[in-house]
$ cat query-v2.txt   # compact mmCIF, C-alpha atoms (C1' of nucleotides)
# COMPACT_ATOMS: atom_id res chain seq x y z
CA MET A 98 8.39 16.80 14.96
CA LYS A 99 8.16 13.14 13.98
CA LEU A 100 6.11 12.05 10.99
CA ALA A 101 5.54 8.56 9.67
CA THR A 102 3.92 6.67 6.84
CA TRP A 103 2.46 3.16 6.96
CA ASN A 104 0.46 1.16 4.45
CA VAL A 105 -1.64 -0.88 6.89
CA ASN A 106 -3.43 -3.14 4.34
CA SER A 107 -6.84 -2.79 6.04
CA LEU A 108 -7.19 -0.57 9.08
CA LYS A 109 -9.96 -2.81 10.39
CA VAL A 110 -7.48 -5.67 10.73
CA ARG A 111 -4.49 -3.54 11.70
CA LEU A 112 -6.01 -1.05 14.18
CA PRO A 113 -4.55 -2.92 17.20
CA HIS A 114 -1.10 -2.77 15.60
CA VAL A 115 -1.50 0.93 14.87
CA LEU A 116 -2.60 1.74 18.42
CA ASP A 117 0.19 -0.35 19.96
CA TRP A 118 2.75 1.21 17.66
CA LEU A 119 1.60 4.76 18.46
CA ALA A 120 1.75 3.98 22.18
CA GLU A 121 5.37 2.88 21.79
CA ASN A 122 6.29 5.53 19.23
CA PRO A 123 4.86 8.87 20.31
CA ILE A 124 4.91 10.73 17.01
CA GLU A 125 3.01 13.81 15.91
CA VAL A 126 1.85 12.71 12.47
CA LEU A 127 1.01 9.31 10.97
CA CYS A 128 -0.09 8.88 7.35
CA LEU A 129 -1.95 5.66 6.56
CA GLN A 130 -2.66 4.01 3.23
CA GLU A 131 -5.02 1.20 2.26
CA THR A 132 -7.45 1.76 5.12
CA LYS A 133 -9.96 -0.09 2.88
CA GLN A 134 -13.01 1.23 4.66
CA GLU A 135 -15.68 3.86 4.31
CA ASP A 136 -15.55 7.04 6.38
CA VAL A 137 -18.52 5.91 8.51
CA LYS A 138 -16.52 2.88 9.68
CA PHE A 139 -13.31 4.81 10.40
CA PRO A 140 -12.22 4.42 14.06
CA TYR A 141 -12.22 8.14 14.96
CA ASP A 142 -13.19 7.42 18.58
CA GLU A 143 -10.48 4.84 19.27
CA LEU A 144 -7.86 7.12 17.76
CA LYS A 145 -9.15 10.13 19.69
CA ALA A 146 -8.92 8.10 22.90
CA ALA A 147 -5.27 7.46 22.01
CA GLY A 148 -4.74 11.21 21.59
CA TYR A 149 -4.95 11.46 17.81
CA ASN A 150 -7.15 13.59 15.59
CA ALA A 151 -7.80 12.07 12.19
CA VAL A 152 -8.86 12.96 8.68
CA HIS A 153 -9.82 10.23 6.26
CA SER A 154 -10.57 9.83 2.58
CA GLY A 155 -12.21 6.44 2.65
CA GLN A 156 -13.34 3.84 0.17
CA LYS A 157 -14.84 0.40 0.61
CA THR A 158 -12.54 -2.59 -0.11
CA TYR A 159 -9.78 -0.69 -1.90
CA ASN A 160 -7.46 2.26 -1.28
CA GLY A 161 -8.33 4.82 1.42
CA VAL A 162 -5.87 7.25 3.03
CA ALA A 163 -5.80 8.95 6.43
CA ILE A 164 -3.69 11.38 8.43
CA LEU A 165 -3.55 11.08 12.22
CA SER A 166 -2.06 13.82 14.37
CA THR A 167 -1.73 14.90 17.97
CA HIS A 168 -1.74 18.47 16.62
CA GLU A 169 -4.45 20.50 14.99
CA MET A 170 -4.96 19.84 11.28
CA THR A 171 -6.29 22.57 8.99
CA CYS A 172 -6.99 23.13 5.28
CA VAL A 173 -7.97 19.52 4.59
CA GLN A 174 -7.94 18.70 0.90
CA HIS A 175 -9.06 15.45 -0.72
CA GLY A 176 -7.51 14.08 -3.92
CA ILE A 177 -5.55 15.83 -6.65
CA PRO A 178 -7.37 18.97 -7.85
CA ASP A 179 -8.51 18.89 -11.48
CA PHE A 180 -7.85 15.15 -11.70
CA GLU A 181 -11.00 13.06 -11.81
CA ASP A 182 -10.41 9.94 -9.77
CA GLU A 183 -12.91 7.58 -8.15
CA GLN A 184 -10.12 6.04 -6.10
CA LYS A 185 -9.28 7.58 -2.74
CA ARG A 186 -5.52 7.96 -2.82
CA VAL A 187 -4.60 11.44 -1.58
CA ILE A 188 -5.36 13.57 1.46
CA SER A 189 -3.54 16.73 2.56
CA VAL A 190 -3.52 18.91 5.67
CA THR A 191 -1.52 21.71 7.25
CA ILE A 192 0.07 21.03 10.65
CA ASP A 193 2.18 23.68 12.42
CA GLY A 194 2.87 25.48 9.15
CA VAL A 195 3.91 22.30 7.35
CA ARG A 196 1.88 21.03 4.40
CA VAL A 197 1.52 17.26 4.85
CA ILE A 198 0.42 15.19 1.86
CA CYS A 199 -0.46 11.51 2.23
CA VAL A 200 -0.40 9.47 -0.98
CA TYR A 201 -1.21 5.94 -2.04
CA VAL A 202 0.22 5.72 -5.54
CA VAL A 203 -1.39 3.31 -7.99
CA ASN A 204 0.17 -0.16 -8.01
CA GLY A 205 -0.07 -0.70 -11.75
CA GLN A 206 -0.28 -4.52 -11.69
CA ALA A 207 1.82 -5.18 -14.84
CA VAL A 208 3.70 -2.93 -17.24
CA ASP A 209 1.51 -3.80 -20.24
CA SER A 210 -1.82 -3.36 -18.39
CA ASP A 211 -4.49 -0.65 -18.35
CA LYS A 212 -3.66 -0.21 -14.67
CA TYR A 213 -0.10 0.70 -15.58
CA ASP A 214 -1.40 3.37 -17.95
CA TYR A 215 -3.56 4.66 -15.11
CA LYS A 216 -0.50 4.64 -12.82
CA MET A 217 1.47 6.76 -15.30
CA ARG A 218 -1.43 9.19 -15.85
CA TRP A 219 -1.90 9.40 -12.10
CA LEU A 220 1.78 10.12 -11.46
CA LYS A 221 1.76 12.82 -14.15
CA ALA A 222 -1.19 14.52 -12.47
CA LEU A 223 0.50 14.23 -9.07
CA SER A 224 3.67 15.75 -10.43
CA ALA A 225 1.92 18.70 -12.12
CA TRP A 226 -0.02 19.41 -8.93
CA LEU A 227 3.04 19.17 -6.66
CA VAL A 228 4.94 21.77 -8.70
CA LYS A 229 2.20 24.23 -7.76
CA GLU A 230 1.96 23.05 -4.16
CA LEU A 231 5.69 23.57 -3.65
CA LYS A 232 5.33 27.22 -4.67
CA LYS A 233 2.39 27.60 -2.33
CA TYR A 234 3.90 25.74 0.64
CA PRO A 235 7.68 26.00 1.08
CA ASN A 236 7.46 23.61 4.03
CA LEU A 237 6.06 20.53 2.33
CA VAL A 238 6.36 16.83 3.03
CA ILE A 239 4.78 14.08 1.00
CA LEU A 240 4.58 10.70 2.68
CA GLY A 241 3.19 7.44 1.42
CA ASP A 242 3.27 4.25 -0.55
CA TYR A 243 4.72 5.30 -3.91
CA ASN A 244 4.78 1.78 -5.35
CA ILE A 245 8.15 2.63 -6.92
CA ALA A 246 11.57 1.33 -5.90
CA PRO A 247 13.68 4.28 -7.10
CA ASP A 248 16.98 2.44 -7.53
CA ASP A 249 18.34 -1.10 -7.91
CA SER A 250 19.64 -0.80 -4.34
CA ASP A 251 15.99 -0.58 -3.25
CA CYS A 252 15.19 -4.03 -4.67
CA HIS A 253 16.21 -7.42 -3.25
CA ASP A 254 16.92 -8.90 -6.68
CA PRO A 255 17.28 -6.27 -9.42
CA ALA A 256 18.12 -8.84 -12.10
CA ALA A 257 14.95 -10.84 -11.45
CA TRP A 258 12.82 -7.68 -11.33
CA GLU A 259 14.31 -5.88 -14.33
CA GLY A 260 11.59 -4.10 -16.29
CA GLU A 261 8.86 -5.28 -13.92
CA ILE A 262 6.27 -3.28 -12.06
CA LEU A 263 7.70 -1.10 -9.23
CA VAL A 264 11.09 -0.81 -10.96
CA SER A 265 10.27 -0.16 -14.63
CA PRO A 266 12.11 2.79 -16.24
CA ARG A 267 8.96 4.86 -16.75
CA GLU A 268 8.01 4.53 -13.09
CA ARG A 269 11.52 5.45 -12.00
CA ASP A 270 11.48 8.42 -14.37
CA ALA A 271 8.25 9.59 -12.74
CA PHE A 272 9.90 9.34 -9.31
CA GLU A 273 12.96 11.16 -10.63
CA GLU A 274 10.67 13.95 -11.84
CA LEU A 275 9.55 14.49 -8.25
CA LEU A 276 13.18 14.86 -7.16
CA GLU A 277 13.93 17.23 -10.03
CA MET A 278 11.20 19.64 -8.96
CA GLY A 279 12.95 20.09 -5.62
CA LEU A 280 11.80 17.21 -3.47
CA HIS A 281 14.26 15.01 -1.59
CA ASP A 282 14.13 11.35 -0.62
CA SER A 283 14.72 11.78 3.11
CA PHE A 284 15.71 8.17 3.74
CA ARG A 285 18.37 8.12 1.01
CA MET A 286 19.59 11.54 2.04
CA LEU A 287 20.51 10.19 5.47
CA ASN A 288 21.15 6.51 4.79
CA GLN A 289 23.10 4.98 1.87
CA GLU A 290 22.82 1.39 3.02
CA GLU A 291 21.51 -1.05 0.41
CA LYS A 292 18.64 -3.49 0.83
CA GLN A 293 16.68 -1.40 3.31
CA PHE A 294 13.12 -2.32 2.51
CA THR A 295 9.63 -1.19 3.53
CA TRP A 296 7.61 -3.97 1.91
CA TRP A 297 8.04 -7.73 1.75
CA ASP A 298 5.77 -10.18 -0.08
CA TYR A 299 3.67 -12.33 2.24
CA ARG A 300 4.60 -15.33 0.13
CA MET A 301 7.78 -17.39 0.07
CA MET A 302 8.89 -16.19 3.50
CA GLY A 303 9.70 -12.85 1.92
CA PHE A 304 10.37 -11.05 5.19
CA ARG A 305 12.52 -13.75 6.76
CA ARG A 306 14.65 -13.87 3.64
CA ASN A 307 14.63 -10.07 3.30
CA ARG A 308 13.20 -10.33 -0.20
CA GLY A 309 11.70 -6.86 -0.20
CA MET A 310 11.44 -3.48 -1.85
CA ARG A 311 11.82 0.11 -0.65
CA ILE A 312 8.61 1.58 -2.04
CA ASP A 313 7.32 3.69 0.87
CA HIS A 314 8.95 7.09 0.94
CA ILE A 315 8.98 10.47 2.66
CA LEU A 316 9.90 13.30 0.29
CA VAL A 317 10.65 16.76 1.66
CA SER A 318 10.91 20.24 0.15
CA ASP A 319 14.17 22.24 0.06
CA ALA A 320 13.21 24.19 3.17
CA LEU A 321 12.55 21.03 5.18
CA LYS A 322 15.58 19.19 3.81
CA GLU A 323 17.89 21.26 5.98
CA ARG A 324 15.84 20.36 9.04
CA CYS A 325 15.74 16.59 8.68
CA ALA A 326 17.39 14.92 11.66
CA SER A 327 16.73 11.24 10.93
CA CYS A 328 14.74 8.89 8.77
CA ILE A 329 14.37 5.26 9.75
CA ILE A 330 12.45 2.17 8.68
CA ASP A 331 10.86 0.50 11.70
CA LYS A 332 10.73 -3.22 10.96
CA ALA A 333 9.20 -4.13 14.34
CA PRO A 334 5.52 -4.14 13.21
CA ARG A 335 6.39 -6.46 10.29
CA LYS A 336 7.49 -9.09 12.85
CA LEU A 337 4.14 -9.23 14.64
CA GLU A 338 1.42 -11.83 14.17
CA ARG A 339 -0.75 -11.05 11.16
CA PRO A 340 1.26 -8.03 10.02
CA SER A 341 0.71 -5.63 7.16
CA ASP A 342 3.08 -6.44 4.30
CA HIS A 343 4.44 -2.88 4.66
CA THR A 344 6.24 -1.43 7.68
CA PRO A 345 6.42 2.21 8.90
CA VAL A 346 8.97 4.81 7.81
CA VAL A 347 9.62 7.58 10.36
CA LEU A 348 11.08 11.03 9.71
CA GLU A 349 12.27 13.43 12.40
CA VAL A 350 12.33 17.12 11.48
CA ASN A 351 13.59 20.01 13.61
CA LEU A 352 11.01 22.76 13.27
C1' DA B 198 7.56 -21.83 -12.33
C1' DT B 199 2.83 -16.27 -13.32
C1' DG B 200 2.47 -19.59 -8.05
C1' DG B 201 3.76 -18.98 -3.44
C1' DC B 202 -0.12 -15.08 1.14
C1' DT B 203 -3.54 -11.78 2.76
C1' DT B 204 -7.71 -9.04 2.48
C1' DA B 205 -12.46 -8.17 1.16
C1' DT B 206 -16.69 -9.56 -0.92
C1' DT B 207 -24.16 -10.18 0.10
C1' DG B 208 -18.35 -14.82 -1.16
C1' DT B 209 -18.14 -20.52 -0.56
C1' DA B 210 -14.52 -18.54 -5.86
C1' DT B 211 -12.71 -14.22 -7.42
C1' DA B 212 -10.04 -9.87 -7.63
C1' DA B 213 -6.30 -7.25 -6.15
C1' DG B 214 -2.15 -6.22 -4.05
C1' DA B 215 3.26 -5.60 -5.24

$ encode --input "query-v2.txt" --output "structure tokens"
Amino acid sequence: MKLATWNVNSLKVRLPHVLDWLAENPIEVLCLQETKQEDVKFPYDELKAAGYNAVHSGQKTYNGVAILSTHEMTCVQHGIPDFEDEQKRVISVTIDGVRVICVYVVNGQAVDSDKYDYKMRWLKALSAWLVKELKKYPNLVILGDYNIAPDDSDCHDPAAWEGEILVSPRERDAFEELLEMGLHDSFRMLNQEEKQFTWWDYRMMGFRRNRGMRIDHILVSDALKERCASCIIDKAPRKLERPSDHTPVVLEVNL
DNA sequence: ATGGCTTATTGTATAAGA
């Protein structure tokens, strides 16, 4: 089974890219972040025509997450239970006995901002919930835009970014907490190469100069860890006209 | 250098992303 995550930065704008990419990359599961549209505007029909079922937790202008799959999706859950949140950032389903969680972690804007506090509160709630989910679902994968570059090797210029958003110690500690509960960074597990990024700033020719960050991740449970065959970053969509600033990450698991 | 692009909004400048 192949699963992927992609922050599309507006599904309205990026739907053609998504459909083209799915046609070229026949995968079973695709998690999307920043759909930026309400459920009533979600392109269920176009995706169905392409062979994909979809579940969506939508919001106008900001956030919004979706899971597309060629397989049947059951036990759909929106958000983090017992965590009040207006923002649509989490959706979960079960596919072929695997619990699939799609997340769009808070950006945080700046380390001294209210949004950073919200990011840390949000990550704490995510972490507490995932501990329980792991006990409930041994086969668990959590895909998404984490807005955290876990290590200096995941940042194009660690010295320039030291202490900044995406790399600050508290954010990295929160990511580390996910690993300590028994989740595994599938890309790093299979690939030790430095400067492999999933996001590049639109400005300053960020992509051409490979000034990026690895902030989109696919974490797997112990049971799935043994079954991971490959995890790759597909840079092709980032090279298209009018791309998202993020590019897909694809995991292959032997089930 | 706090910008540099891109997206969305009952917009024509502002907020947000990362």

$ residues_around --input "query-v2.txt" --residues "range 288-300 of chain A" --least-positions-apart "6" --cutoff "9 Å" --atoms "all atoms listed in the file" --output "short mmCIF file (atom, residue, chain, number, x, y, z; two decimals) with C-alpha atoms (C1' of nucleotides), keeping the file's coordinate frame"
data_model
loop_
_atom_site.label_atom_id
_atom_site.label_comp_id
_atom_site.auth_asym_id
_atom_site.auth_seq_id
_atom_site.Cartn_x
_atom_site.Cartn_y
_atom_site.Cartn_z
CA ASP A 249 18.34 -1.10 -7.91
CA SER A 250 19.64 -0.80 -4.34
CA ASP A 251 15.99 -0.58 -3.25
CA CYS A 252 15.19 -4.03 -4.67
CA HIS A 253 16.21 -7.42 -3.25
CA ASN A 307 14.63 -10.07 3.30
CA ARG A 308 13.20 -10.33 -0.20
CA GLY A 309 11.70 -6.86 -0.20
CA MET A 310 11.44 -3.48 -1.85
CA ARG A 311 11.82 0.11 -0.65
CA ILE A 312 8.61 1.58 -2.04
CA ASP A 313 7.32 3.69 0.87
CA HIS A 314 8.95 7.09 0.94
CA SER A 327 16.73 11.24 10.93
CA CYS A 328 14.74 8.89 8.77
CA ILE A 329 14.37 5.26 9.75
CA ILE A 330 12.45 2.17 8.68
CA ASP A 331 10.86 0.50 11.70
CA LYS A 332 10.73 -3.22 10.96
CA ARG A 335 6.39 -6.46 10.29
CA SER A 341 0.71 -5.63 7.16
CA ASP A 342 3.08 -6.44 4.30
CA HIS A 343 4.44 -2.88 4.66
CA THR A 344 6.24 -1.43 7.68
CA PRO A 345 6.42 2.21 8.90
CA VAL A 346 8.97 4.81 7.81
"C1'" DG B 201 3.76 -18.98 -3.44
"C1'" DC B 202 -0.12 -15.08 1.14
"C1'" DT B 203 -3.54 -11.78 2.76
"C1'" DA B 215 3.26 -5.60 -5.24
#

$ closest_residue --input "query-v2.txt" --among "A:Val228, A:Val200, A:Ile239, A:Val317" --to "Met286 in chain A" --atoms "all atoms listed in the file"
A:Val317

$ atom_distance --input "query-v2.txt" --atom1 "CA of Gly194 in chain A" --atom2 "CA of Glu169 in chain A"
10.6 Å

$ residues_around --input "query-v2.txt" --residues "Asp242 in chain A" --least-positions-apart "2" --cutoff "9 Å" --atoms "all atoms listed in the file" --output "compact mmCIF listing (two decimals) with C-alpha atoms, in the frame of the given file"
# COMPACT_ATOMS: atom_id res chain seq x y z
CA THR A 102 3.92 6.67 6.84
CA TRP A 103 2.46 3.16 6.96
CA ASN A 104 0.46 1.16 4.45
CA LEU A 129 -1.95 5.66 6.56
CA GLN A 130 -2.66 4.01 3.23
CA CYS A 199 -0.46 11.51 2.23
CA VAL A 200 -0.40 9.47 -0.98
CA TYR A 201 -1.21 5.94 -2.04
CA VAL A 202 0.22 5.72 -5.54
CA VAL A 203 -1.39 3.31 -7.99
CA LEU A 240 4.58 10.70 2.68
CA ASN A 244 4.78 1.78 -5.35
CA ILE A 245 8.15 2.63 -6.92
CA ILE A 312 8.61 1.58 -2.04
CA ASP A 313 7.32 3.69 0.87
CA HIS A 314 8.95 7.09 0.94
CA HIS A 343 4.44 -2.88 4.66

$ residues_around --input "query-v2.txt" --residues "Glu121 in chain A" --least-positions-apart "5" --cutoff "12 Å" --atoms "all atoms listed in the file" --output "list of chain:residue names"
A:His114, A:Val115, A:Leu116, A:Ala147, A:Asp331, A:Ala333, A:Pro334

$ write_last_selection --input "query-v2.txt" --atoms "C-alpha atoms" --output "mmCIF file, keeping the file's coordinate frame"
data_model
loop_
_atom_site.group_PDB
_atom_site.id
_atom_site.type_symbol
_atom_site.label_atom_id
_atom_site.label_comp_id
_atom_site.auth_asym_id
_atom_site.auth_seq_id
_atom_site.Cartn_x
_atom_site.Cartn_y
_atom_site.Cartn_z
ATOM 1 C CA HIS A 114 -1.100 -2.770 15.600
ATOM 2 C CA VAL A 115 -1.500 0.930 14.870
ATOM 3 C CA LEU A 116 -2.600 1.740 18.420
ATOM 4 C CA ALA A 147 -5.270 7.460 22.010
ATOM 5 C CA ASP A 331 10.860 0.500 11.700
ATOM 6 C CA ALA A 333 9.200 -4.130 14.340
ATOM 7 C CA PRO A 334 5.520 -4.140 13.210
#

$ atom_distance --input "query-v2.txt" --atom1 "CA of Ala222 in chain A" --atom2 "CA of Asp319 in chain A"
21.3 Å

$ atom_distance --input "query-v2.txt" --atom1 "CA of Trp118 in chain A" --atom2 "CA of Lys133 in chain A"
19.5 Å

$ residues_around --input "query-v2.txt" --residues "Thr167 in chain A" --least-positions-apart "2" --cutoff "7 Å" --atoms "only C-alpha atoms (C1' of nucleotides)" --output "PDB file with C-alpha atoms, in the frame of the given file"
ATOM      1  CA  GLU A 125       3.010  13.810  15.910  1.00  0.00           C
ATOM      2  CA  VAL A 126       1.850  12.710  12.470  1.00  0.00           C
ATOM      3  CA  GLY A 148      -4.740  11.210  21.590  1.00  0.00           C
ATOM      4  CA  TYR A 149      -4.950  11.460  17.810  1.00  0.00           C
ATOM      5  CA  ASN A 150      -7.150  13.590  15.590  1.00  0.00           C
ATOM      6  CA  GLU A 169      -4.450  20.500  14.990  1.00  0.00           C
TER       7      GLU A 169
END

$ residues_around --input "query-v2.txt" --residues "Met170 in chain A" --least-positions-apart "5" --cutoff "8 Å" --atoms "only C-alpha atoms (C1' of nucleotides)" --output "list in words"
Asn150, Val190, Thr191 and Ile192 of chain A

$ decode --input "query-v2.txt" --residues "chain B" --atoms "C-alpha atoms (C1' of nucleotides)" --output "tab-separated table (two decimals), in the first residue's frame"
chain	number	residue	atom	x	y	z
B	198	DA	C1'	17.51	43.60	5.54
B	199	DT	C1'	11.40	41.39	9.01
B	200	DG	C1'	11.29	41.87	2.78
B	201	DG	C1'	11.45	38.83	-0.95
B	202	DC	C1'	5.71	35.17	-3.17
B	203	DT	C1'	1.13	33.13	-3.06
B	204	DT	C1'	-3.62	32.67	-1.55
B	205	DA	C1'	-8.05	34.41	-0.03
B	206	DT	C1'	-11.10	38.10	1.08
B	207	DT	C1'	-17.94	41.07	-0.20
B	208	DG	C1'	-10.75	43.10	-1.24
B	209	DT	C1'	-8.68	47.36	-4.48
B	210	DA	C1'	-5.10	46.69	1.16
B	211	DT	C1'	-4.66	43.19	4.62
B	212	DA	C1'	-3.69	38.73	6.91
B	213	DA	C1'	-1.41	34.50	6.90
B	214	DG	C1'	1.68	31.12	5.59
B	215	DA	C1'	6.65	29.03	7.00
